[in-house]
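J.: I have a structure I would like to understand better, so I am pasting it below and will then ask my questions one at a time.
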Amino acid sequence: MNDFSSDYLNINETGIDLLRSKFAYKHIAYDQIQRIELTDGYLLKNRLITLLFGVFLLFIAVKFLLTEFPIFGEFGSFQMGKSLAMVIVAPLFFLAFGTYCVLQSFKRSKILVIKTDSDIHHVRIYDIQKQNTLNEMITFLEKRINLEII
């Protein structure tokens with residue numbers, strides 16, 4: 001197999017194509033590459049923002065659950081006129097989406113760091129890792145350029 005592709009890059013005989021929406025926006029030939037590093041990292045680039053947003057949603061969900069359900073707070077605070085969405089659906093949505101954001105912010109992935117003369121590109125290769133073709137890609141790249149595994 002001489003072609004390795006994911007949502008963010010395509011590696012073939014001519015070089016490495018950086019992709020956006022499955023279209024190549026930049027081609028890097030192997031002779032332009034000074035060094036490639038394969039490191040461990042996180043799948044999300046802005047994971048701190050996602051983590052804070054998830055914790056915020058979990059806090060809102062717990063606050064809704066504690067104030068809206070009479071079994072968690074005072075029995076006199078529950079009013080029958082409140083809508084079902086505010087009482088049950090909204091806290092469960094916030095709880096589920098907040099949990100999803102927190103879990104996604106801790107998801108780990110391999111990162112391919114491509115160093116050229118003028119640029120440094122950090123590319124997540126989670127799809128290639130998931131396809132179990134990571135070792136084949138490493139041997140493919142070692143034949144062509146200086147590859148450093150960190």
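Here's how to read the names in the structure tokens: chain A, B, ... by the order shown, residue numbers from 1 in each chain, ligand numbers from 1 in the order shown.
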Pick out each residue of segment 20-114 of chain A that DSSP on the backbone tags as strand (DSSP E or B); I need them as a PDB file with N, CA and C atoms, in the first residue's frame.
T.:
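The file below, out10.pdb, is the result:
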```pdb
ATOM      1  N   ARG A  20      -8.016  19.915   3.305  1.00  0.00           N
ATOM      2  CA  ARG A  20      -9.153  20.565   3.956  1.00  0.00           C
ATOM      3  C   ARG A  20     -10.386  20.162   3.178  1.00  0.00           C
ATOM      4  N   PHE A  23      -9.918  18.147   0.003  1.00  0.00           N
ATOM      5  CA  PHE A  23      -9.213  18.756  -1.120  1.00  0.00           C
ATOM      6  C   PHE A  23      -7.834  19.222  -0.656  1.00  0.00           C
ATOM      7  N   ALA A  24      -6.831  18.979  -1.483  1.00  0.00           N
ATOM      8  CA  ALA A  24      -5.460  19.348  -1.129  1.00  0.00           C
ATOM      9  C   ALA A  24      -5.283  20.850  -1.247  1.00  0.00           C
ATOM     10  N   TYR A  25      -4.900  21.485  -0.154  1.00  0.00           N
ATOM     11  CA  TYR A  25      -4.623  22.921  -0.195  1.00  0.00           C
ATOM     12  C   TYR A  25      -3.127  23.195  -0.217  1.00  0.00           C
ATOM     13  N   LYS A  26      -2.306  22.181   0.105  1.00  0.00           N
ATOM     14  CA  LYS A  26      -0.860  22.368   0.046  1.00  0.00           C
ATOM     15  C   LYS A  26      -0.193  21.029  -0.209  1.00  0.00           C
ATOM     16  N   HIS A  27       0.756  21.033  -1.144  1.00  0.00           N
ATOM     17  CA  HIS A  27       1.540  19.840  -1.446  1.00  0.00           C
ATOM     18  C   HIS A  27       2.968  20.070  -0.962  1.00  0.00           C
ATOM     19  N   ILE A  28       3.491  19.105  -0.221  1.00  0.00           N
ATOM     20  CA  ILE A  28       4.867  19.184   0.268  1.00  0.00           C
ATOM     21  C   ILE A  28       5.631  18.016  -0.335  1.00  0.00           C
ATOM     22  N   ALA A  29       6.592  18.327  -1.186  1.00  0.00           N
ATOM     23  CA  ALA A  29       7.431  17.280  -1.778  1.00  0.00           C
ATOM     24  C   ALA A  29       8.426  16.797  -0.733  1.00  0.00           C
ATOM     25  N   ILE A  33      11.065  18.653   2.766  1.00  0.00           N
ATOM     26  CA  ILE A  33      10.890  18.315   4.178  1.00  0.00           C
ATOM     27  C   ILE A  33      12.254  18.145   4.828  1.00  0.00           C
ATOM     28  N   GLN A  34      12.471  18.881   5.908  1.00  0.00           N
ATOM     29  CA  GLN A  34      13.701  18.724   6.675  1.00  0.00           C
ATOM     30  C   GLN A  34      13.609  17.543   7.634  1.00  0.00           C
ATOM     31  N   ARG A  35      12.489  17.461   8.348  1.00  0.00           N
ATOM     32  CA  ARG A  35      12.334  16.408   9.344  1.00  0.00           C
ATOM     33  C   ARG A  35      10.858  16.176   9.623  1.00  0.00           C
ATOM     34  N   ILE A  36      10.530  14.941   9.964  1.00  0.00           N
ATOM     35  CA  ILE A  36       9.174  14.597  10.387  1.00  0.00           C
ATOM     36  C   ILE A  36       9.271  13.931  11.752  1.00  0.00           C
ATOM     37  N   GLU A  37       8.437  14.368  12.672  1.00  0.00           N
ATOM     38  CA  GLU A  37       8.379  13.772  13.999  1.00  0.00           C
ATOM     39  C   GLU A  37       7.009  13.140  14.188  1.00  0.00           C
ATOM     40  N   LEU A  38       6.989  12.000  14.839  1.00  0.00           N
ATOM     41  CA  LEU A  38       5.744  11.325  15.187  1.00  0.00           C
ATOM     42  C   LEU A  38       5.636  11.362  16.705  1.00  0.00           C
ATOM     43  N   THR A  39       4.694  12.138  17.216  1.00  0.00           N
ATOM     44  CA  THR A  39       4.568  12.328  18.663  1.00  0.00           C
ATOM     45  C   THR A  39       3.167  11.947  19.120  1.00  0.00           C
ATOM     46  N   ASP A  40       3.039  11.810  20.431  1.00  0.00           N
ATOM     47  CA  ASP A  40       1.728  11.616  21.040  1.00  0.00           C
ATOM     48  C   ASP A  40       1.167  12.974  21.415  1.00  0.00           C
ATOM     49  N   GLY A  41      -0.130  13.102  21.295  1.00  0.00           N
ATOM     50  CA  GLY A  41      -0.777  14.362  21.641  1.00  0.00           C
ATOM     51  C   GLY A  41      -2.264  14.150  21.823  1.00  0.00           C
ATOM     52  N   TYR A  42      -2.989  15.231  21.812  1.00  0.00           N
ATOM     53  CA  TYR A  42      -4.438  15.182  21.970  1.00  0.00           C
ATOM     54  C   TYR A  42      -5.108  15.399  20.625  1.00  0.00           C
ATOM     55  N   ARG A 108      -6.674  10.926  23.100  1.00  0.00           N
ATOM     56  CA  ARG A 108      -5.295  11.011  22.640  1.00  0.00           C
ATOM     57  C   ARG A 108      -5.188  10.531  21.198  1.00  0.00           C
ATOM     58  N   SER A 109      -4.160  11.036  20.515  1.00  0.00           N
ATOM     59  CA  SER A 109      -3.931  10.688  19.120  1.00  0.00           C
ATOM     60  C   SER A 109      -2.456  10.843  18.803  1.00  0.00           C
ATOM     61  N   LYS A 110      -2.015  10.220  17.740  1.00  0.00           N
ATOM     62  CA  LYS A 110      -0.672  10.440  17.216  1.00  0.00           C
ATOM     63  C   LYS A 110      -0.699  11.708  16.366  1.00  0.00           C
ATOM     64  N   ILE A 111       0.393  12.466  16.441  1.00  0.00           N
ATOM     65  CA  ILE A 111       0.500  13.705  15.688  1.00  0.00           C
ATOM     66  C   ILE A 111       1.750  13.634  14.832  1.00  0.00           C
ATOM     67  N   LEU A 112       1.606  13.965  13.561  1.00  0.00           N
ATOM     68  CA  LEU A 112       2.721  14.018  12.631  1.00  0.00           C
ATOM     69  C   LEU A 112       3.146  15.477  12.508  1.00  0.00           C
ATOM     70  N   VAL A 113       4.372  15.782  12.936  1.00  0.00           N
ATOM     71  CA  VAL A 113       4.899  17.142  12.876  1.00  0.00           C
ATOM     72  C   VAL A 113       5.827  17.204  11.672  1.00  0.00           C
ATOM     73  N   ILE A 114       5.443  17.985  10.657  1.00  0.00           N
ATOM     74  CA  ILE A 114       6.208  18.096   9.419  1.00  0.00           C
ATOM     75  C   ILE A 114       6.943  19.435   9.437  1.00  0.00           C
TER      76      ILE A 114
END
```
J.: When you draw a straight line from atom CA of Thr67 of chain A to atom CA of Ala90 of chain A, how long is it in Å?
T.: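 That distance, rounded to one decimal, is 12.8 Å.
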J.: Counting only C-alpha atoms, figure out which residue out of A:Ser105, A:Ile149, A:Asn135, A:His121 gets nearest to Leu52 of chain A.
T.: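 Among the listed residues, A:Ser105 lies closest to Leu52 of chain A.
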J.: Which residues, written as a compact mmCIF listing (two decimals) with C-alpha atoms, in the first residue's frame, have at least one atom at most 7 Å from segment 92-98 of chain A, with only C-alpha atoms counted and residues fewer than 3 positions away on the same chain left out?
T.:
```
# COMPACT_ATOMS: atom_id res chain seq x y z
CA GLY A 54 -17.88 20.78 29.11
CA VAL A 55 -17.30 21.53 32.80
CA LEU A 57 -22.31 22.54 30.94
CA LEU A 58 -21.97 19.93 33.69
CA ALA A 61 -26.89 20.60 34.50
CA ILE A 88 -36.13 17.15 32.50
CA VAL A 89 -34.88 17.59 28.94
CA CYS A 101 -17.07 17.52 25.65
CA VAL A 102 -15.04 16.49 28.69
```
J.: Would you compute the distance between atom CA of Val123 of chain A and atom CA of Asn10 of chain A? Give it in Å to one decimal.
T.: 10.8 Å
J.: Rounded to one decimal, what separation in Å do you get between atom CA of Leu141 of chain A and atom CA of Glu13 of chain A?
T.: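 For atom CA of Leu141 of chain A relative to atom CA of Glu13 of chain A, the distance reads 9.8 Å.
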J.: Taking only chain A into account, list the residues labelled alpha helix (DSSP H) by DSSP (computed from the backbone), as number ranges by chain.
T.: A: 47-68, 84, 90-105, 126-130, 134-142
J.: Emit the selected residues as a short mmCIF file (atom, residue, chain, number, x, y, z; two decimals), in the first residue's frame, including N, CA and C atoms.
T.:
```cif
data_model
loop_
_atom_site.label_atom_id
_atom_site.label_comp_id
_atom_site.auth_asym_id
_atom_site.auth_seq_id
_atom_site.Cartn_x
_atom_site.Cartn_y
_atom_site.Cartn_z
N ARG A 47 -8.24 21.95 23.07
CA ARG A 47 -8.87 21.05 24.03
C ARG A 47 -9.18 21.73 25.35
N LEU A 48 -8.43 22.76 25.73
CA LEU A 48 -8.71 23.45 26.98
C LEU A 48 -10.05 24.19 26.91
N ILE A 49 -10.35 24.78 25.78
CA ILE A 49 -11.64 25.46 25.60
C ILE A 49 -12.78 24.45 25.66
N THR A 50 -12.60 23.30 25.02
CA THR A 50 -13.63 22.26 25.03
C THR A 50 -13.82 21.71 26.44
N LEU A 51 -12.73 21.53 27.16
CA LEU A 51 -12.82 21.04 28.54
C LEU A 51 -13.55 22.04 29.43
N LEU A 52 -13.22 23.32 29.32
CA LEU A 52 -13.90 24.33 30.13
C LEU A 52 -15.38 24.44 29.78
N PHE A 53 -15.71 24.33 28.48
CA PHE A 53 -17.10 24.37 28.06
C PHE A 53 -17.87 23.16 28.61
N GLY A 54 -17.24 21.99 28.58
CA GLY A 54 -17.88 20.78 29.11
C GLY A 54 -18.11 20.86 30.60
N VAL A 55 -17.14 21.37 31.35
CA VAL A 55 -17.30 21.53 32.80
C VAL A 55 -18.39 22.55 33.10
N PHE A 56 -18.44 23.62 32.31
CA PHE A 56 -19.49 24.63 32.48
C PHE A 56 -20.87 24.01 32.25
N LEU A 57 -21.01 23.19 31.20
CA LEU A 57 -22.31 22.54 30.94
C LEU A 57 -22.67 21.56 32.04
N LEU A 58 -21.69 20.84 32.58
CA LEU A 58 -21.97 19.93 33.69
C LEU A 58 -22.41 20.69 34.94
N PHE A 59 -21.79 21.84 35.17
CA PHE A 59 -22.18 22.67 36.31
C PHE A 59 -23.62 23.17 36.15
N ILE A 60 -23.97 23.62 34.94
CA ILE A 60 -25.35 24.09 34.68
C ILE A 60 -26.35 22.95 34.86
N ALA A 61 -25.98 21.75 34.38
CA ALA A 61 -26.89 20.60 34.50
C ALA A 61 -27.13 20.25 35.96
N VAL A 62 -26.06 20.22 36.76
CA VAL A 62 -26.22 19.90 38.18
C VAL A 62 -27.04 20.99 38.87
N LYS A 63 -26.81 22.24 38.52
CA LYS A 63 -27.59 23.33 39.12
C LYS A 63 -29.07 23.21 38.77
N PHE A 64 -29.38 22.91 37.51
CA PHE A 64 -30.78 22.70 37.12
C PHE A 64 -31.40 21.52 37.87
N LEU A 65 -30.65 20.44 37.96
CA LEU A 65 -31.20 19.26 38.63
C LEU A 65 -31.43 19.50 40.11
N LEU A 66 -30.54 20.24 40.75
CA LEU A 66 -30.71 20.50 42.18
C LEU A 66 -31.82 21.50 42.47
N THR A 67 -32.07 22.43 41.56
CA THR A 67 -33.10 23.44 41.84
C THR A 67 -34.47 23.06 41.29
N GLU A 68 -34.56 22.22 40.28
CA GLU A 68 -35.84 21.93 39.65
C GLU A 68 -36.55 20.70 40.23
N LEU A 84 -41.90 20.93 30.87
CA LEU A 84 -41.19 19.66 30.94
C LEU A 84 -39.76 19.80 30.41
N ALA A 90 -33.76 19.71 29.37
CA ALA A 90 -32.61 20.63 29.34
C ALA A 90 -31.47 20.14 30.24
N PRO A 91 -31.72 19.75 31.50
CA PRO A 91 -30.60 19.26 32.31
C PRO A 91 -29.96 17.99 31.75
N LEU A 92 -30.76 17.10 31.19
CA LEU A 92 -30.20 15.88 30.62
C LEU A 92 -29.38 16.17 29.36
N PHE A 93 -29.84 17.14 28.57
CA PHE A 93 -29.06 17.54 27.39
C PHE A 93 -27.73 18.16 27.82
N PHE A 94 -27.77 19.07 28.79
CA PHE A 94 -26.54 19.69 29.27
C PHE A 94 -25.60 18.65 29.88
N LEU A 95 -26.16 17.69 30.60
CA LEU A 95 -25.35 16.65 31.22
C LEU A 95 -24.68 15.77 30.16
N ALA A 96 -25.46 15.37 29.14
CA ALA A 96 -24.91 14.50 28.10
C ALA A 96 -23.87 15.24 27.25
N PHE A 97 -24.17 16.45 26.82
CA PHE A 97 -23.23 17.19 25.97
C PHE A 97 -21.99 17.61 26.75
N GLY A 98 -22.16 17.96 28.02
CA GLY A 98 -21.01 18.31 28.86
C GLY A 98 -20.09 17.12 29.07
N THR A 99 -20.66 15.94 29.30
CA THR A 99 -19.86 14.73 29.44
C THR A 99 -19.13 14.41 28.15
N TYR A 100 -19.80 14.56 27.02
CA TYR A 100 -19.17 14.32 25.71
C TYR A 100 -17.98 15.27 25.50
N CYS A 101 -18.15 16.54 25.82
CA CYS A 101 -17.07 17.52 25.65
C CYS A 101 -15.88 17.20 26.53
N VAL A 102 -16.14 16.82 27.78
CA VAL A 102 -15.04 16.49 28.69
C VAL A 102 -14.29 15.25 28.19
N LEU A 103 -15.02 14.23 27.76
CA LEU A 103 -14.37 13.01 27.27
C LEU A 103 -13.58 13.26 25.99
N GLN A 104 -14.10 14.07 25.08
CA GLN A 104 -13.39 14.37 23.84
C GLN A 104 -12.13 15.19 24.09
N SER A 105 -12.11 16.00 25.13
CA SER A 105 -10.93 16.81 25.39
C SER A 105 -9.76 15.97 25.91
N TYR A 126 -5.19 10.30 13.52
CA TYR A 126 -6.03 9.36 14.24
C TYR A 126 -6.65 8.33 13.31
N ASP A 127 -7.06 8.75 12.11
CA ASP A 127 -7.68 7.82 11.16
C ASP A 127 -6.70 6.75 10.70
N ILE A 128 -5.46 7.13 10.45
CA ILE A 128 -4.45 6.16 10.03
C ILE A 128 -4.14 5.21 11.17
N GLN A 129 -4.11 5.73 12.38
CA GLN A 129 -3.88 4.89 13.55
C GLN A 129 -5.04 3.92 13.75
N LYS A 130 -6.26 4.38 13.50
CA LYS A 130 -7.45 3.55 13.66
C LYS A 130 -7.53 2.45 12.59
N LEU A 134 -0.41 2.36 10.73
CA LEU A 134 0.59 3.30 11.23
C LEU A 134 2.00 2.78 11.01
N ASN A 135 2.24 1.49 11.29
CA ASN A 135 3.58 0.92 11.11
C ASN A 135 3.99 0.91 9.64
N GLU A 136 3.05 0.65 8.76
CA GLU A 136 3.35 0.69 7.32
C GLU A 136 3.69 2.11 6.88
N MET A 137 2.98 3.09 7.43
CA MET A 137 3.26 4.47 7.09
C MET A 137 4.65 4.89 7.59
N ILE A 138 5.02 4.42 8.78
CA ILE A 138 6.34 4.75 9.32
C ILE A 138 7.44 4.18 8.44
N THR A 139 7.31 2.93 8.01
CA THR A 139 8.34 2.36 7.13
C THR A 139 8.35 3.04 5.77
N PHE A 140 7.20 3.43 5.28
CA PHE A 140 7.11 4.14 4.01
C PHE A 140 7.84 5.49 4.09
N LEU A 141 7.64 6.22 5.19
CA LEU A 141 8.27 7.53 5.35
C LEU A 141 9.76 7.42 5.67
N GLU A 142 10.16 6.38 6.40
CA GLU A 142 11.59 6.22 6.73
C GLU A 142 12.44 6.01 5.50
#
```
